[in-house]
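The next block holds one structure in the form of structure tokens; read it before the comments.
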Amino acid sequence: MADNLRVAVIGAGRMGADHIQRLHSHIHGADVAAVVDIDLDRANAAIADIPGAKAFATAAEAYESGDVDAVLIATPGFLHEAALLEALERDIPILCEKPLTPDAASAWKIVEAEQKLGRKRIQVGFMRRFDTDYAALGGMIRSAELGELLMLHCRHRNPDTPPGFTNEMLINDSVVHEFDVIRYLTGEEITSVQVRLGKATSKAPAGQHDPQHVLIETESGVLADVEIYVNAQFGYEVATQAAFEDGIVDIGGDGGPYVRRAGRWGGVVTPSFIERFGAAYDVEVQAWVDAALRDEIGGPSAWDGYATAACCEAGVEAQKSGEKVAVTLNEKPELYR
Ligand SMILES: NC(=O)c1ccc[n+]([C@@H]2O[C@H](COP(=O)([O-])OP(=O)(O)OC[C@H]3O[C@@H](n4cnc5c(N)ncnc54)[C@H](O)[C@@H]3O)[C@@H](O)[C@H]2O)c1
Ligand SMILES: O[C@H]1[C@H](O)[C@@H](O)[C@H](O)[C@@H](O)[C@H]1O
């Protein structure tokens with residue numbers, strides 16, 4: 001391996017392009033060696049200011065160039081399974097954007113393929129684990145300084161959705177973050193998911209019922225409710241209120257200056273995930289690079305990807321049935337304990 005990790009980024013869309021710039025400009029110990037996109041013009045545009053990087057239309061061509069030590073997968077979720085299996089065959093470090101895959105069966109195939117290698121190669125892009133607000137809340141839960149955590153009230157609001165964003169994706173592309181972060185904060189698995197469809201906005205594209213109310217239960221009975229509202233127009237908001245025995249904690253308020261002036265007050269509304277989680281993505285990718293140089297992973301594993309995919313599958317079933325759906329997991333393999 002070269003001194004720096006030579007990374008291939010697959011998918012140069014919204015998230016991929018952001019990660020390419022991050023790896024090029026902010027991350028130590030890694031270089032963008034290759035960008036892969038079926039839209040070759042987009043791949044070429046993404047490497048325009050990165051000397052030495054090459055553009056390819058397929059991952060196989062990038063791997064065959066011999067210049068790739070690790071891969072960051074940023075194609076849409078339904079394409080992750082094939083890209084992950086191809087990368088696992090090469091036995092290289094992988095940072096896979098969330099979701100690992102959209103459903104439990106395909107996610108379990110990935111867990112099985114990784115187990116055959118006998119070591120963890122996949123880190124899943126659940127960047128909220130690297131966000132300072134979530135880290136602070138996690139610390140308060142673990143220290144029990146406010147007593148036991150009882151409930152979480154989560155708001156997940158996007159201004160709008162990209163073309164092709166389906167009704168199922170409200171669960172398996174968006175609420176997948178809450179599934180992960182609730183497991184992370186509580187240290188427990190999720191046992192059931194229920195989805196209520198109420199009054200819908202007229203601003204949602206055809207086929208999407210937006211917003212939705214998701215009710216989640218964990219092993220010890222912590223209840224979490226999620227408002228997923230992906231065509232909220234005003235901006236981007238990911239916030240949580242936690243109810244403890246001895247106090248209430250809010251995280252995720254908009255950042256930026258809060259100004260009182262000329263008899264008015266106000267602040268800045270975060271326009272998208274890029275601004276809200278920019279610092280978390282930096283820490284996430286740096287943790288991945290540092291760990292990959294030691295042949296390890298530095299964040300959520302394929303097991304976390306599988307467990308959340310099982311929640312997503314239950315959630316999509318609950319969207320359709322209106323019933324409370326139990327989440328069942330296979331036994332956790334030794335590799336992830
Ligand atoms: N962690 C986060 O906050 C966050 C934010 C946005 C997106 N994401 C995730 O990032 C991933 C990408 O999302 P996006 O919004 O950037 O999507 P996007 O549609 O903007 O970009 C996807 C790119 O993949 C390319 N592509 C499609 N098929 C391909 C193939 N077979 N081989 C190579 N390239 C191919 C497309 O041409 C496009 O450039 C998804 O998994 C999404 O859930 C995560
Ligand atoms: O892919 C994006 C991304 O994961 C964002 O963090 C989330 O807020 C959006 O809902 C989702 O569509």
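The chains in the structure tokens are called A, B, ... from first to last as shown; in each chain the residues are counted from 1, and the ligands are counted from 1 in the order shown.
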Using only C-alpha atoms and all ligand atoms, which residues of chain A come within 7 Å of ligand 1, and what is the closest atom pair for each, with the distance in Å to one decimal? Give it as CSV, sorted by chain and residue number.
```
residue,atom,partner,partner_atom_place_in_ligand_line,distance
A:Ile10,CA,ligand 1,33 (C),5.5
A:Gly11,CA,ligand 1,24 (O),3.6
A:Ala12,CA,ligand 1,39 (O),4.4
A:Gly13,CA,ligand 1,21 (O),3.2
A:Arg14,CA,ligand 1,16 (O),3.7
A:Met15,CA,ligand 1,16 (O),3.7
A:Gly16,CA,ligand 1,16 (O),5.4
A:Val36,CA,ligand 1,33 (C),5.5
A:Asp37,CA,ligand 1,34 (N),3.5
A:Ile38,CA,ligand 1,34 (N),4.5
A:Asp39,CA,ligand 1,37 (O),5.0
A:Arg42,CA,ligand 1,39 (O),6.5
A:Ala57,CA,ligand 1,33 (C),6.5
A:Thr58,CA,ligand 1,32 (N),5.9
A:Ala74,CA,ligand 1,11 (C),4.2
A:Thr75,CA,ligand 1,24 (O),4.0
A:Pro76,CA,ligand 1,40 (C),4.1
A:Gly77,CA,ligand 1,41 (O),4.2
A:Leu79,CA,ligand 1,31 (N),6.7
A:Glu97,CA,ligand 1,41 (O),4.8
A:Lys98,CA,ligand 1,41 (O),5.0
A:Pro99,CA,ligand 1,41 (O),5.8
A:Gly125,CA,ligand 1,1 (N),5.7
A:Phe126,CA,ligand 1,1 (N),6.1
A:Met127,CA,ligand 1,1 (N),5.9
A:Asp173,CA,ligand 1,43 (O),5.4
A:Phe273,CA,ligand 1,3 (O),5.7
```
Output the neighbourhood of ligand 2 as a ChimeraX atom specification, that is, all protein and nucleic acid residues with some atom at most 10 Å from the ligand, counting only C-alpha atoms and all ligand atoms.
/A:14-15,76-77,97-99,125-128,156-162,165,169-178,228-231,236-238,272-274,276-277
Show which residues sit within 9 Å of stretch 26-32 of chain A, as a list of chain:residue names. Count only C-alpha atoms, and ignore same-chain residues fewer than 3 positions away.
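What passes the distance filter is A:Asp3, A:Asn4, A:Leu5, A:Arg6, A:Val7, A:Ala8, A:Val9, A:Ile20, A:Gln21, A:Arg22, A:Leu23, A:Val35, A:Ile47, A:Ile50, A:Gly52, A:Ala53, A:Lys54, A:Asp282, A:Val283, A:Val285, A:Gln286, A:Val289, A:Asp290, A:Leu293.
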Report as a list of chain:residue names all protein, DNA and RNA residues lying within 9 Å of A:Leu88, evaluated on only C-alpha atoms, omitting residues in the same chain fewer than 3 positions from it.
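That gives A:Ala83, A:Leu84, A:Leu85, A:Asp91, A:Ile92, A:Pro93, A:Ile94, A:Ile110, A:Ala113, A:Glu114, A:Leu117, A:Arg121, A:Ile122.
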Could you pull the residues within 9 Å of A:Gly247, counting only C-alpha atoms, minus those fewer than 5 positions along the same chain, as a PDB file with C-alpha atoms, in the first residue's frame?
```
ATOM      1  CA  LEU A 146     -30.282  12.757  34.517  1.00  0.00           C
ATOM      2  CA  GLY A 147     -31.512   9.318  35.528  1.00  0.00           C
ATOM      3  CA  ALA A 242     -34.783  13.332  25.122  1.00  0.00           C
TER       4      ALA A 242
END
```
From a DSSP calculation on the backbone, collect every residue of stretch 147-227 of chain A in helix (DSSP H, G or I) and output the set as a VMD selection string.
chain A and resid 167 to 186
Which residues are close to A:Ile182, i.e. within 10 Å by only C-alpha atoms, leaving aside same-chain residues fewer than 4 positions away? Reply as a list in words.
Gly138, Leu152, Cys154, Val176, His177, Glu178, Thr186, Gly187, Glu188, Glu189, Ile190, Ile216, Glu217, Thr218, Val222, Leu223 and Ala224 of chain A
I need the residues from that last selection saved to file as a PDB file, in the first residue's frame (with C-alpha atoms), if you can.
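Saved result, result_19.pdb, follows:
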```
ATOM      1  CA  GLY A 138     -24.991   9.779  24.252  1.00  0.00           C
ATOM      2  CA  LEU A 152     -36.955  10.302  22.450  1.00  0.00           C
ATOM      3  CA  CYS A 154     -37.117  13.017  16.867  1.00  0.00           C
ATOM      4  CA  VAL A 176     -32.636   4.616   8.676  1.00  0.00           C
ATOM      5  CA  HIS A 177     -30.585   7.367  10.398  1.00  0.00           C
ATOM      6  CA  GLU A 178     -32.964   7.353  13.394  1.00  0.00           C
ATOM      7  CA  THR A 186     -29.557   3.506  23.875  1.00  0.00           C
ATOM      8  CA  GLY A 187     -27.102   0.655  23.256  1.00  0.00           C
ATOM      9  CA  GLU A 188     -30.165  -1.513  22.595  1.00  0.00           C
ATOM     10  CA  GLU A 189     -31.699  -3.189  19.575  1.00  0.00           C
ATOM     11  CA  ILE A 190     -35.043  -1.973  18.230  1.00  0.00           C
ATOM     12  CA  ILE A 216     -40.089   2.821  17.607  1.00  0.00           C
ATOM     13  CA  GLU A 217     -39.596   0.653  20.705  1.00  0.00           C
ATOM     14  CA  THR A 218     -36.296  -0.628  22.088  1.00  0.00           C
ATOM     15  CA  VAL A 222     -37.697   3.236  25.469  1.00  0.00           C
ATOM     16  CA  LEU A 223     -40.211   4.745  23.028  1.00  0.00           C
ATOM     17  CA  ALA A 224     -39.029   7.006  20.210  1.00  0.00           C
TER      18      ALA A 224
END
```
Check the DSSP output for the backbone and give back, as a list of chain:residue names, the residues of stretch 106-214 of chain A in strand (DSSP E or B).
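Residues meeting the strand (DSSP E or B) criterion: A:Ile122, A:Gln123, A:Val124, A:Gly125, A:Glu145, A:Gly147, A:Leu149, A:Leu150, A:Met151, A:Leu152, A:His153, A:Cys154, A:Arg155, A:His156, A:Arg157, A:Ile190, A:Thr191, A:Ser192, A:Val193, A:Gln194, A:Val195, A:Arg196, A:Leu197, A:Gln212, A:His213, A:Val214.
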Using only N, CA and C atoms, please write the residues we just selected to a file, as a compact mmCIF listing (two decimals), in the first residue's frame.
```txt
# COMPACT_ATOMS: atom_id res chain seq x y z
N ILE A 122 -16.11 -3.29 6.41
CA ILE A 122 -17.12 -2.29 6.04
C ILE A 122 -17.43 -1.36 7.21
N GLN A 123 -17.33 -0.06 6.94
CA GLN A 123 -17.86 0.96 7.85
C GLN A 123 -19.05 1.58 7.13
N VAL A 124 -20.18 1.75 7.85
CA VAL A 124 -21.38 2.31 7.24
C VAL A 124 -21.46 3.81 7.57
N GLY A 125 -21.92 4.60 6.59
CA GLY A 125 -21.90 6.06 6.73
C GLY A 125 -22.98 6.66 7.60
N GLU A 145 -26.58 10.79 34.39
CA GLU A 145 -26.60 11.98 35.26
C GLU A 145 -28.00 12.56 35.39
N GLY A 147 -30.70 10.51 35.29
CA GLY A 147 -31.51 9.32 35.53
C GLY A 147 -31.67 8.52 34.24
N LEU A 149 -33.08 7.19 30.69
CA LEU A 149 -33.73 7.75 29.50
C LEU A 149 -35.07 7.04 29.32
N LEU A 150 -36.13 7.83 29.10
CA LEU A 150 -37.47 7.24 28.96
C LEU A 150 -37.99 7.32 27.52
N MET A 151 -37.85 8.50 26.91
CA MET A 151 -38.42 8.70 25.57
C MET A 151 -37.53 9.60 24.73
N LEU A 152 -37.64 9.42 23.40
CA LEU A 152 -36.96 10.30 22.45
C LEU A 152 -38.00 10.83 21.46
N HIS A 153 -37.98 12.12 21.22
CA HIS A 153 -38.86 12.73 20.22
C HIS A 153 -37.97 13.28 19.11
N CYS A 154 -38.06 12.67 17.94
CA CYS A 154 -37.12 13.02 16.87
C CYS A 154 -37.83 13.75 15.74
N ARG A 155 -37.18 14.79 15.24
CA ARG A 155 -37.70 15.50 14.06
C ARG A 155 -36.66 15.37 12.95
N HIS A 156 -37.10 14.92 11.80
CA HIS A 156 -36.20 14.75 10.65
C HIS A 156 -36.88 15.39 9.46
N ARG A 157 -36.43 16.61 9.14
CA ARG A 157 -37.12 17.38 8.09
C ARG A 157 -36.13 17.77 7.00
N ILE A 190 -33.65 -2.41 18.40
CA ILE A 190 -35.04 -1.97 18.23
C ILE A 190 -35.91 -3.22 18.09
N THR A 191 -37.04 -3.24 18.80
CA THR A 191 -37.86 -4.45 18.79
C THR A 191 -39.12 -4.32 17.93
N SER A 192 -39.61 -3.09 17.73
CA SER A 192 -40.80 -2.96 16.86
C SER A 192 -40.86 -1.58 16.24
N VAL A 193 -41.59 -1.53 15.13
CA VAL A 193 -41.76 -0.29 14.37
C VAL A 193 -43.23 -0.18 13.95
N GLN A 194 -43.76 1.01 14.10
CA GLN A 194 -45.14 1.27 13.67
C GLN A 194 -45.11 2.59 12.89
N VAL A 195 -45.95 2.69 11.85
CA VAL A 195 -45.96 3.91 11.04
C VAL A 195 -47.39 4.40 10.89
N ARG A 196 -47.62 5.67 11.18
CA ARG A 196 -48.95 6.26 10.98
C ARG A 196 -48.86 7.28 9.85
N LEU A 197 -49.84 7.22 8.96
CA LEU A 197 -49.90 8.18 7.86
C LEU A 197 -51.05 9.12 8.15
N GLN A 212 -44.76 11.40 7.72
CA GLN A 212 -45.18 10.15 8.38
C GLN A 212 -44.70 10.18 9.83
N HIS A 213 -45.42 9.43 10.66
CA HIS A 213 -45.08 9.38 12.08
C HIS A 213 -44.66 7.95 12.40
N VAL A 214 -43.43 7.79 12.85
CA VAL A 214 -42.88 6.45 13.07
C VAL A 214 -42.69 6.26 14.58
```
Separation of atom CA of A:Gly66 from atom CA of A:Ala292, in Å and rounded to one decimal:
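So the two atoms, atom CA of A:Gly66 and atom CA of A:Ala292, lie 17.6 Å apart.
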So the first atom is atom CA of A:Val71 and the second is atom CA of A:Glu89; what is the distance between them in Å, to one decimal place?
12.3 Å
Separation of atom CA of A:Gly198 from atom CA of A:Ala314, in Å and rounded to one decimal
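These atoms are spaced 19.0 Å apart.
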